[in-house]
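Q: So here's work_15.tsv (TSV, C-alpha atoms).
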```tsv
chain	number	residue	atom	x	y	z
A	15	MET	CA	0.00	0.00	0.00
A	16	GLU	CA	1.35	3.43	-0.96
A	17	MET	CA	1.93	5.72	2.00
A	18	ASN	CA	-0.15	8.54	0.51
A	19	GLN	CA	-3.10	6.17	0.00
A	20	ILE	CA	-3.41	5.15	3.64
A	21	ALA	CA	-6.48	6.74	5.24
A	22	GLY	CA	-8.47	6.52	8.44
A	23	VAL	CA	-5.49	5.71	10.66
A	24	LYS	CA	-3.34	7.63	13.16
A	25	ARG	CA	-0.51	9.34	11.28
A	26	ILE	CA	2.36	9.95	13.64
A	27	TYR	CA	4.76	12.52	12.20
A	28	LEU	CA	7.54	13.29	14.62
A	29	PHE	CA	9.29	16.63	14.58
A	30	VAL	CA	11.27	16.56	17.83
A	31	ALA	CA	13.47	13.65	19.01
A	32	ILE	CA	14.62	13.67	22.63
A	33	LEU	CA	16.98	11.01	24.01
A	34	LEU	CA	18.03	10.28	27.58
A	35	VAL	CA	21.42	11.79	26.71
A	36	VAL	CA	19.29	14.77	25.69
A	37	LEU	CA	20.05	15.19	22.04
A	38	VAL	CA	17.37	17.38	20.46
A	39	VAL	CA	16.59	18.02	16.80
A	40	ASN	CA	13.89	20.66	16.37
A	41	GLY	CA	11.79	20.96	13.26
A	42	GLY	CA	8.95	22.96	14.76
A	43	THR	CA	8.51	26.68	15.10
A	44	GLY	CA	10.08	28.71	17.86
A	45	SER	CA	11.37	32.10	18.83
A	46	ALA	CA	14.66	33.54	17.66
A	47	GLY	CA	17.73	33.67	19.81
A	48	SER	CA	20.72	31.83	21.19
A	49	VAL	CA	22.39	31.26	24.52
A	50	SER	CA	22.99	34.98	24.82
A	51	ALA	CA	23.62	37.89	22.50
A	52	GLU	CA	26.56	35.96	21.08
A	53	ASP	CA	25.70	33.68	18.18
A	54	PRO	CA	26.11	29.94	18.82
A	55	GLU	CA	28.11	27.92	16.35
A	56	LYS	CA	26.15	27.32	13.15
A	57	VAL	CA	27.73	24.18	11.80
A	58	GLU	CA	25.76	24.28	8.58
A	59	VAL	CA	22.69	26.02	7.25
A	60	GLY	CA	19.74	25.00	9.37
A	61	LEU	CA	21.67	23.51	12.30
A	62	ILE	CA	22.66	25.19	15.56
A	63	VAL	CA	24.83	23.39	18.13
A	64	THR	CA	24.49	24.58	21.70
A	65	SER	CA	26.68	23.84	24.73
A	66	VAL	CA	23.70	24.09	27.11
A	67	LEU	CA	20.07	23.01	27.19
A	68	ASP	CA	18.88	26.50	28.13
A	69	ASN	CA	19.00	27.70	24.53
A	70	ASP	CA	16.27	29.54	22.62
A	71	PHE	CA	14.86	28.22	19.36
A	72	GLU	CA	15.33	29.96	16.05
A	73	PRO	CA	12.66	29.57	13.34
A	74	GLY	CA	13.57	27.01	10.70
A	75	LYS	CA	16.67	25.78	12.55
A	76	ALA	CA	17.41	22.39	14.04
A	77	VAL	CA	19.02	22.64	17.48
A	78	LEU	CA	21.44	20.08	18.85
A	79	PHE	CA	22.58	19.57	22.43
A	80	CYS	CA	24.77	16.74	23.69
A	81	ALA	CA	26.18	16.60	27.21
A	82	THR	CA	29.87	15.87	26.54
A	83	PHE	CA	31.15	19.46	26.56
A	84	GLN	CA	28.98	20.34	29.56
A	85	ILE	CA	30.51	17.40	31.47
A	86	ALA	CA	34.08	18.32	30.42
A	87	TRP	CA	33.48	21.88	31.69
A	88	ASP	CA	32.08	20.62	34.98
A	89	ARG	CA	34.97	18.19	35.51
A	90	MET	CA	37.52	20.94	34.83
A	91	ALA	CA	35.79	23.07	37.47
A	92	THR	CA	35.52	20.38	40.13
A	93	GLU	CA	38.78	18.43	39.69
A	94	ILE	CA	41.22	21.12	38.51
A	95	VAL	CA	40.02	24.62	39.42
A	96	GLY	CA	38.23	23.49	42.57
A	97	GLU	CA	35.23	25.81	42.12
A	98	LYS	CA	32.94	27.21	39.44
A	99	ILE	CA	34.90	28.71	36.56
A	100	VAL	CA	34.98	32.53	36.53
A	101	LEU	CA	36.00	34.34	33.35
A	102	ASP	CA	37.42	37.83	32.81
A	103	ARG	CA	34.18	38.90	31.13
A	104	GLN	CA	30.69	37.78	32.04
A	105	ILE	CA	29.36	35.42	29.38
A	106	GLU	CA	25.91	33.92	29.81
A	107	MET	CA	27.08	30.68	28.21
A	108	ALA	CA	29.65	30.26	31.00
A	109	ASP	CA	27.07	31.03	33.69
A	110	LEU	CA	24.75	28.38	32.26
A	111	LEU	CA	27.56	25.83	32.03
A	112	ASN	CA	28.35	26.52	35.70
A	113	SER	CA	24.73	25.90	36.68
A	114	VAL	CA	24.64	22.19	35.70
A	115	THR	CA	26.68	19.30	37.10
A	116	GLY	CA	27.89	16.29	35.16
A	117	GLU	CA	25.90	13.99	37.43
A	118	SER	CA	22.66	15.48	36.07
A	119	PHE	CA	22.85	13.23	33.00
A	120	GLY	CA	23.24	9.90	34.83
A	121	LEU	CA	25.44	8.35	32.14
A	122	ASN	CA	26.60	4.75	32.50
A	123	GLU	CA	30.37	4.30	32.84
A	124	ARG	CA	30.41	1.57	30.20
A	125	ASP	CA	29.32	4.16	27.61
A	126	PHE	CA	31.23	7.14	28.84
A	127	LEU	CA	34.67	8.40	29.89
A	128	VAL	CA	35.80	11.79	31.17
A	129	MET	CA	39.44	12.66	31.96
A	130	THR	CA	41.15	15.79	33.24
A	131	GLY	CA	44.77	16.66	33.84
A	132	TYR	CA	47.87	18.67	32.96
A	133	GLY	CA	49.76	18.26	29.72
A	134	ALA	CA	53.00	18.09	31.71
A	135	ASP	CA	51.62	14.95	33.42
A	136	ASP	CA	50.88	13.20	30.09
A	137	ILE	CA	47.10	13.58	30.26
A	138	VAL	CA	46.89	12.55	26.59
A	139	GLY	CA	48.69	9.25	27.15
A	140	LYS	CA	46.62	8.48	30.25
A	141	SER	CA	43.37	9.30	28.44
A	142	ASN	CA	44.20	7.27	25.34
A	143	ARG	CA	45.02	4.24	27.47
A	144	GLU	CA	41.74	4.55	29.37
A	145	LEU	CA	39.81	4.98	26.12
A	146	ARG	CA	41.31	1.76	24.72
A	147	VAL	CA	40.41	-0.14	27.89
A	148	ARG	CA	36.83	1.16	27.85
A	149	PHE	CA	36.06	1.14	24.12
A	150	GLY	CA	38.66	-1.14	22.53
A	151	GLY	CA	39.18	-0.75	18.80
A	152	ASN	CA	36.37	1.81	18.59
A	153	ALA	CA	38.20	4.25	20.87
A	154	PRO	CA	39.13	7.66	19.46
A	155	ILE	CA	42.73	8.87	19.70
A	156	ILE	CA	43.37	12.21	21.40
A	157	GLU	CA	46.02	14.28	19.64
A	158	SER	CA	49.41	14.64	21.32
A	159	ARG	CA	49.29	18.44	20.99
A	160	TYR	CA	47.20	18.59	24.17
A	161	ASN	CA	50.26	17.37	26.11
A	162	ASP	CA	51.46	20.98	26.15
A	163	ASP	CA	53.47	21.72	29.31
A	164	ASP	CA	51.41	24.89	29.76
A	165	GLY	CA	48.05	23.23	29.06
A	166	ILE	CA	45.23	21.61	31.03
A	167	LEU	CA	42.79	19.26	29.29
A	168	ALA	CA	39.29	18.10	30.18
A	169	TYR	CA	38.05	15.48	27.71
A	170	ALA	CA	34.75	13.61	27.57
A	171	PHE	CA	33.75	10.81	25.19
A	172	LEU	CA	30.34	9.17	24.86
A	173	SER	CA	29.57	6.15	22.70
A	174	LYS	CA	26.04	4.80	22.76
A	175	MET	CA	24.31	2.15	20.66
A	176	LEU	CA	20.69	1.22	21.27
A	177	LYS	CA	19.09	-1.50	19.17
A	178	PHE	CA	15.41	-2.17	18.59
A	179	ARG	CA	14.62	-5.79	19.46
A	180	VAL	CA	12.76	-6.07	16.14
A	181	PRO	CA	13.92	-3.73	13.34
A	182	PHE	CA	11.24	-1.41	12.02
A	183	GLN	CA	10.24	-1.29	8.39
A	184	GLU	CA	12.21	0.90	6.01
A	185	TYR	CA	9.98	2.69	3.52
A	186	GLU	CA	11.11	2.72	-0.08
A	187	ARG	CA	9.28	5.92	-0.84
A	188	PRO	CA	10.22	9.09	1.09
A	189	MET	CA	7.84	10.81	3.47
A	190	LYS	CA	6.97	14.49	3.34
A	191	PHE	CA	8.28	16.48	6.31
A	192	SER	CA	6.77	19.93	6.88
A	193	GLY	CA	9.01	22.16	8.97
A	194	SER	CA	8.79	25.87	9.67
A	195	ALA	CA	11.23	26.51	6.82
A	196	GLY	CA	9.11	24.58	4.30
A	197	SER	CA	8.44	21.05	3.13
A	198	MET	CA	10.93	18.40	2.09
A	199	GLU	CA	11.02	14.70	1.29
A	200	VAL	CA	13.03	12.55	3.69
A	201	HIS	CA	13.76	8.85	4.18
A	202	ALA	CA	11.68	7.19	6.85
A	203	PHE	CA	11.07	4.03	8.87
A	204	GLY	CA	8.17	2.79	10.94
A	205	ILE	CA	5.15	0.48	10.86
A	206	SER	CA	2.51	0.00	8.15
A	207	PRO	CA	-1.11	-0.70	9.15
A	208	GLY	CA	-2.78	-4.09	9.11
A	209	ALA	CA	-1.00	-7.24	8.01
A	210	GLN	CA	1.80	-5.15	6.53
A	211	GLY	CA	2.56	-3.77	9.96
A	212	GLY	CA	4.57	-6.72	11.10
A	213	SER	CA	4.36	-8.78	14.25
A	214	ALA	CA	2.94	-7.97	17.65
A	215	ASP	CA	6.55	-7.93	18.88
A	216	LEU	CA	7.28	-5.05	16.50
A	217	ARG	CA	4.24	-3.06	17.63
A	218	SER	CA	5.07	-3.75	21.29
A	219	GLN	CA	8.13	-1.50	20.89
A	220	VAL	CA	5.93	1.59	20.43
A	221	GLU	CA	4.02	3.19	23.31
A	222	ILE	CA	1.67	6.07	22.51
A	223	LEU	CA	1.78	8.53	25.40
A	224	GLU	CA	-0.32	11.27	23.80
A	225	TYR	CA	-2.16	11.52	20.51
A	226	SER	CA	-4.34	14.14	18.86
A	227	PRO	CA	-5.21	13.84	15.13
A	228	LYS	CA	-4.56	17.56	14.60
A	229	GLY	CA	-2.30	18.36	17.48
A	230	GLU	CA	0.38	17.08	19.78
A	231	MET	CA	1.61	13.50	19.87
A	232	ILE	CA	4.26	11.78	21.96
A	233	ILE	CA	5.57	8.22	21.72
A	234	ARG	CA	8.21	6.15	23.45
A	235	LEU	CA	10.28	3.60	21.51
A	236	GLU	CA	11.58	0.59	23.44
A	237	THR	CA	15.18	-0.48	22.84
A	238	ASP	CA	17.32	-3.38	24.03
A	239	ASP	CA	18.42	-1.38	27.09
A	240	PRO	CA	15.61	-1.07	29.67
A	241	GLU	CA	17.52	1.71	31.46
A	242	GLU	CA	17.34	4.03	28.46
A	243	GLU	CA	14.37	6.11	27.33
A	244	LEU	CA	13.85	7.16	23.71
A	245	VAL	CA	11.01	9.63	23.35
A	246	LEU	CA	9.79	11.36	20.19
A	247	ALA	CA	7.36	14.24	20.55
A	248	SER	CA	5.57	16.50	18.10
A	249	VAL	CA	4.57	19.47	20.25
A	250	GLU	CA	4.17	23.21	20.09
A	251	PRO	CA	7.60	24.28	21.38
A	252	GLU	CA	8.20	26.68	24.22
A	253	GLU	CA	10.73	29.47	23.75
A	254	SER	CA	13.75	27.34	24.69
A	255	LEU	CA	15.10	23.83	24.45
A	256	ILE	CA	15.00	23.16	28.18
A	257	LYS	CA	11.44	24.49	28.62
A	258	THR	CA	10.23	22.37	25.71
A	259	TYR	CA	11.89	19.30	27.22
A	260	GLU	CA	10.35	20.04	30.64
A	261	LYS	CA	6.91	20.40	29.04
A	262	ILE	CA	7.27	17.03	27.33
A	263	ALA	CA	8.71	15.37	30.45
A	264	ARG	CA	5.64	16.44	32.46
A	265	LYS	CA	3.35	14.95	29.83
A	266	VAL	CA	5.35	11.71	29.74
A	267	SER	CA	5.24	11.41	33.52
A	268	ALA	CA	1.45	11.86	33.60
A	269	ALA	CA	0.69	9.70	30.55
A	270	SER	CA	-1.22	6.41	30.42
A	271	PRO	CA	0.73	4.51	27.75
A	272	GLU	CA	-1.01	2.38	25.15
A	273	LEU	CA	0.59	0.21	22.48
A	274	ILE	CA	0.31	1.22	18.85
A	275	GLY	CA	-2.65	-0.54	17.25
A	276	GLU	CA	-2.83	-2.84	14.23
A	277	LYS	CA	-4.56	-0.14	12.18
A	278	ASP	CA	-2.13	2.59	13.13
A	279	ILE	CA	0.76	3.78	11.00
A	280	LEU	CA	4.10	5.03	12.26
A	281	LEU	CA	6.41	7.19	10.14
A	282	VAL	CA	9.68	8.46	11.61
A	283	PRO	CA	12.26	10.43	9.60
A	284	ILE	CA	15.73	8.90	9.58
A	285	VAL	CA	17.88	11.36	11.54
A	286	ASP	CA	21.51	11.27	10.42
A	287	PHE	CA	24.19	13.90	10.88
A	288	SER	CA	27.78	14.59	11.91
A	289	THR	CA	28.95	17.93	13.31
A	290	GLU	CA	32.13	19.56	14.57
A	291	CYS	CA	31.53	22.66	16.66
A	292	SER	CA	33.70	25.27	18.39
A	293	PHE	CA	31.99	27.39	21.06
A	294	LYS	CA	33.60	30.62	19.95
A	295	PRO	CA	32.22	33.02	22.62
A	296	LEU	CA	34.37	31.19	25.18
A	297	LEU	CA	37.63	31.27	23.25
A	298	GLY	CA	40.42	33.57	24.44
A	299	ARG	CA	38.74	34.34	27.75
A	300	TYR	CA	41.05	34.35	30.78
A	301	LEU	CA	40.08	32.59	34.02
A	302	ARG	CA	39.78	34.74	37.11
A	303	ASN	CA	39.97	31.89	39.61
A	304	GLU	CA	42.79	32.10	42.14
A	305	GLY	CA	45.79	30.14	40.88
A	306	PHE	CA	44.53	29.99	37.30
A	307	ARG	CA	44.64	33.63	36.20
A	308	GLU	CA	47.41	32.94	33.71
A	309	TYR	CA	45.18	30.47	31.86
A	310	PHE	CA	42.83	31.24	28.98
A	311	ILE	CA	40.41	29.05	27.05
A	312	ALA	CA	42.32	27.83	24.02
A	313	GLU	CA	39.74	25.30	22.86
A	314	ALA	CA	36.07	24.63	23.59
A	315	ARG	CA	34.83	22.05	21.14
A	316	GLN	CA	32.26	19.30	20.69
A	317	ASP	CA	31.90	16.74	17.90
A	318	VAL	CA	28.73	14.68	17.50
A	319	ARG	CA	27.88	11.78	15.17
A	320	PHE	CA	24.26	10.59	15.42
A	321	ARG	CA	21.90	8.29	13.53
A	322	LEU	CA	18.36	7.11	14.26
A	323	ASP	CA	17.02	4.55	11.79
A	324	SER	CA	15.01	1.33	11.61
A	325	SER	CA	17.61	-0.65	13.58
A	326	GLY	CA	18.09	1.78	16.48
A	327	VAL	CA	20.30	4.62	17.69
A	328	GLN	CA	24.02	5.22	17.21
A	329	LEU	CA	25.70	8.12	19.01
A	330	GLU	CA	29.32	9.19	19.42
A	331	SER	CA	30.38	12.51	20.90
A	332	GLU	CA	33.61	14.13	22.07
A	333	GLY	CA	33.84	17.20	24.29
A	334	VAL	CA	37.19	19.03	24.51
A	335	PHE	CA	37.90	21.84	27.00
A	336	PHE	CA	41.53	23.00	26.87
A	337	LEU	CA	43.17	25.72	28.97
A	338	LYS	CA	46.57	27.22	28.22
A	339	LYS	CA	48.88	29.73	29.84
A	340	GLY	CA	49.51	33.14	28.28
A	341	GLY	CA	48.09	34.62	25.14
A	342	GLY	CA	44.46	35.25	25.99
A	343	GLU	CA	43.01	38.10	23.99
A	344	GLY	CA	46.34	38.76	22.29
A	345	ARG	CA	48.18	36.42	19.91
A	346	SER	CA	50.19	33.55	21.34
A	347	ILE	CA	53.62	33.93	19.73
A	348	ILE	CA	55.27	30.84	21.14
A	349	PHE	CA	58.00	29.09	19.14
A	350	SER	CA	57.26	25.60	20.38
A	351	ARG	CA	57.83	23.95	16.99
A	352	PRO	CA	60.80	23.93	14.57
A	353	PHE	CA	61.61	27.39	13.18
A	354	LEU	CA	64.13	29.28	11.08
A	355	LEU	CA	66.35	31.94	12.63
A	356	TYR	CA	68.51	34.13	10.41
A	357	LEU	CA	70.64	37.31	10.46
A	358	LYS	CA	71.23	39.50	7.45
A	359	ARG	CA	72.34	43.00	6.64
A	360	LYS	CA	69.51	45.25	5.57
A	361	GLY	CA	69.60	45.47	1.84
A	362	ALA	CA	71.78	42.39	1.47
A	363	GLU	CA	70.66	39.62	-0.87
A	364	LEU	CA	71.38	36.74	1.53
A	365	PRO	CA	71.60	36.21	5.29
A	366	TYR	CA	74.99	35.69	6.82
A	367	LEU	CA	73.59	33.33	9.45
A	368	ALA	CA	70.67	30.87	9.12
A	369	VAL	CA	69.67	28.20	11.62
A	370	TRP	CA	66.78	25.77	11.33
A	371	VAL	CA	66.06	25.18	15.01
A	372	ASP	CA	64.91	21.60	15.41
A	373	GLY	CA	66.56	19.46	18.08
A	374	ALA	CA	68.27	19.56	21.45
A	375	GLU	CA	71.67	20.10	19.82
A	376	VAL	CA	70.96	23.76	19.15
A	377	MET	CA	68.93	24.67	22.27
A	378	ALA	CA	69.75	25.11	25.94
A	379	ALA	CA	68.22	22.12	27.67
A	380	ALA	CA	66.36	22.75	30.91
A	381	ALA	CA	67.85	21.18	34.01
A	382	LYS	CA	66.08	17.99	35.02
```
What would you get if you wrote out this structure as structure tokens?

A:
Amino acid sequence: MEMNQIAGVKRIYLFVAILLVVLVVNGGTGSAGSVSAEDPEKVEVGLIVTSVLDNDFEPGKAVLFCATFQIAWDRMATEIVGEKIVLDRQIEMADLLNSVTGESFGLNERDFLVMTGYGADDIVGKSNRELRVRFGGNAPIIESRYNDDDGILAYAFLSKMLKFRVPFQEYERPMKFSGSAGSMEVHAFGISPGAQGGSADLRSQVEILEYSPKGEMIIRLETDDPEEELVLASVEPEESLIKTYEKIARKVSAASPELIGEKDILLVPIVDFSTECSFKPLLGRYLRNEGFREYFIAEARQDVRFRLDSSGVQLESEGVFFLKKGGGEGRSIIFSRPFLLYLKRKGAELPYLAVWVDGAEVMAAAAK
């Protein structure tokens, strides 16, 4: 049966996907704005990545939050600085990051690793070894450049795979998705009505928590991990990500779940993206915490790879928070890599001395 010929059944079109790790993709309408007056990182047209959940919507834009950078920030504050991080200029993003603890997300240690330490103490080597122990051949490799003697690294990595016990159907024909920026055709998965809808085991993976033919609808998809909750909700959004989540969470808590029926149809867009984001409003800002006033934020970054399809959920995310001495608002002119030194007479064609500085033979070694 063609999808556009199906009538008289519940059509569940899902615009907002919210996971336990609190990844959100918004396709509904909302108010303009960002974390503060500073623009968040716009990874590509139509996608905004935010470091915090308390982020306003912008019409026609998808919004993504994942907890890895938030947790790296919190671990830097608690394990290294010893208190909430204070910057040389008030930035609302920093205030919001300080307001949430890493424990708020309840992540399981088998899926997650966070490390903090000084470059002089080989934090990169320690982190890479722990990553291999935890994630084996799938572990990322942290670059050696973070082992800077004047640097401090907080690094968080999350790898999550949730499988549906019974894979959903993949539709050959695309579905029409109507967002605030217009309509588009997208690939989809789900359940067809009647005999085409598969087994009772397949339908048992879908709980309807709220349904209105012309309004809001919320469902929960069951995965192979009973400790995880995958909720998809088409709702009228509030002004911000966190308020929209809280609205949905209240509805979920008060709901009386019912399984999807044999005559119902489920269509879910396949969500698939990869982003690399730098939180630019934080960069170059000096810390004002006692003992750390020489340090500035050299890197504040989060990478996310996510896919939701007929088989389940795949998520990988890295959060990098790197402090370094010196520089700050000015340029860091530090010759820490091989360089050329030369002397020449002004107006002369060639230098009378040239040294390519690369090795202990031509530098004064520090006493051990």

Q: From the options A:Leu296, A:Leu246, A:Val63, A:Leu176, which residue's atoms come nearest to A:Leu281, counting all atoms listed in the file?

A: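 Using all atoms listed in the file, A:Leu281 sits closest to A:Leu246.
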
Q: Considering all atoms listed in the file, return as number ranges by chain whatever protein or nucleic-acid residues lie within 8 Å of A:Ile105, sequence-local ones (same chain, fewer than 4 positions apart) excluded.

A: A: 50, 101, 109, 295-296

Q: In Å, with one decimal, what is the gap from atom CA of A:Leu273 to atom CA of A:Tyr185?

A: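 Atom-to-atom, atom CA of A:Leu273 and atom CA of A:Tyr185 are spaced 21.3 Å apart.
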
Q: Could you tell me how far atom CA of A:Ser325 lies from atom CA of A:Pro188, in Å and to one decimal?

A: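 A separation of 17.5 Å between them.
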
Q: So which one's closest to A:Asn122, A:Glu242, A:Glu184, A:Glu230, A:Asp163? Using only C-alpha atoms, please.

A: A:Glu242

Q: When you draw a straight line from atom CA of A:Val282 to atom CA of A:Pro207, how long is it in Å?

A: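 Straight-line distance from atom CA of A:Val282 to atom CA of A:Pro207 works out to 14.4 Å.
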
Q: Excluding A:Val266 and residues on its chain fewer than 5 positions from it, collect all residues at most 12 Å away from it, counting all atoms listed in the file, and give them as a list of chain:residue names.

A: A:Ile32, A:Glu221, A:Ile222, A:Leu223, A:Glu224, A:Tyr225, A:Met231, A:Ile232, A:Ile233, A:Arg234, A:Glu243, A:Leu244, A:Val245, A:Leu246, A:Ala247, A:Tyr259, A:Glu260, A:Lys261, A:Pro271

Q: What would the list of residues within 9 Å of (53.0, 16.5, 31.2) (file frame) look like as number ranges by chain, if only C-alpha atoms are what count?

A: A: 131-138, 161-165

Q: Could you take the residues named above and write them with C-alpha atoms, as a tab-separated table (two decimals), in the coordinates of the input?

A:
```tsv
chain	number	residue	atom	x	y	z
A	131	GLY	CA	44.77	16.66	33.84
A	132	TYR	CA	47.87	18.67	32.96
A	133	GLY	CA	49.76	18.26	29.72
A	134	ALA	CA	53.00	18.09	31.71
A	135	ASP	CA	51.62	14.95	33.42
A	136	ASP	CA	50.88	13.20	30.09
A	137	ILE	CA	47.10	13.58	30.26
A	138	VAL	CA	46.89	12.55	26.59
A	161	ASN	CA	50.26	17.37	26.11
A	162	ASP	CA	51.46	20.98	26.15
A	163	ASP	CA	53.47	21.72	29.31
A	164	ASP	CA	51.41	24.89	29.76
A	165	GLY	CA	48.05	23.23	29.06
```

Q: Can you work out which one of A:Ala170, A:Val77, A:Val66, A:Leu354 has the shortest atom-to-atom distance to A:Phe293, counting all atoms listed in the file?

A: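 Of A:Ala170, A:Val77, A:Val66, A:Leu354, the one nearest A:Phe293, counting all atoms listed in the file, is A:Val66.
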
Q: Could you pull the residues within 8 Å of A:Leu337, counting all atoms listed in the file, minus those fewer than 2 positions along the same chain, as a list in words?

A: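 Contacts, in chain order: Gly165, Ile166, Leu167, Tyr309, Phe310, Ile311, Ala312, Glu313, Phe335 and Lys339 of chain A.
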
Q: With all atoms listed in the file as the basis for distance, which of A:Leu172, A:Ala269, A:Ile85, A:Leu67 is at the shortest distance from A:Arg319?

A: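 Answer, going by the shortest atom-to-atom distance: A:Leu172.
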
Q: Please determine, counting all atoms listed in the file, which residue among A:Ser254, A:Asn152, A:Gln183, A:Ser218 has the shortest atom-to-atom distance to A:Ser206.

A: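 Of the candidates, the smallest distance to A:Ser206 is held by A:Gln183.
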
Q: Excluding stretch 140-150 of chain A and its own-chain neighbours fewer than 5 positions away, which residues fall within 8 Å of it when counting all atoms listed in the file? Please give them as a PyMOL selection string.

A: chain A and resi 124+127+129+155-156
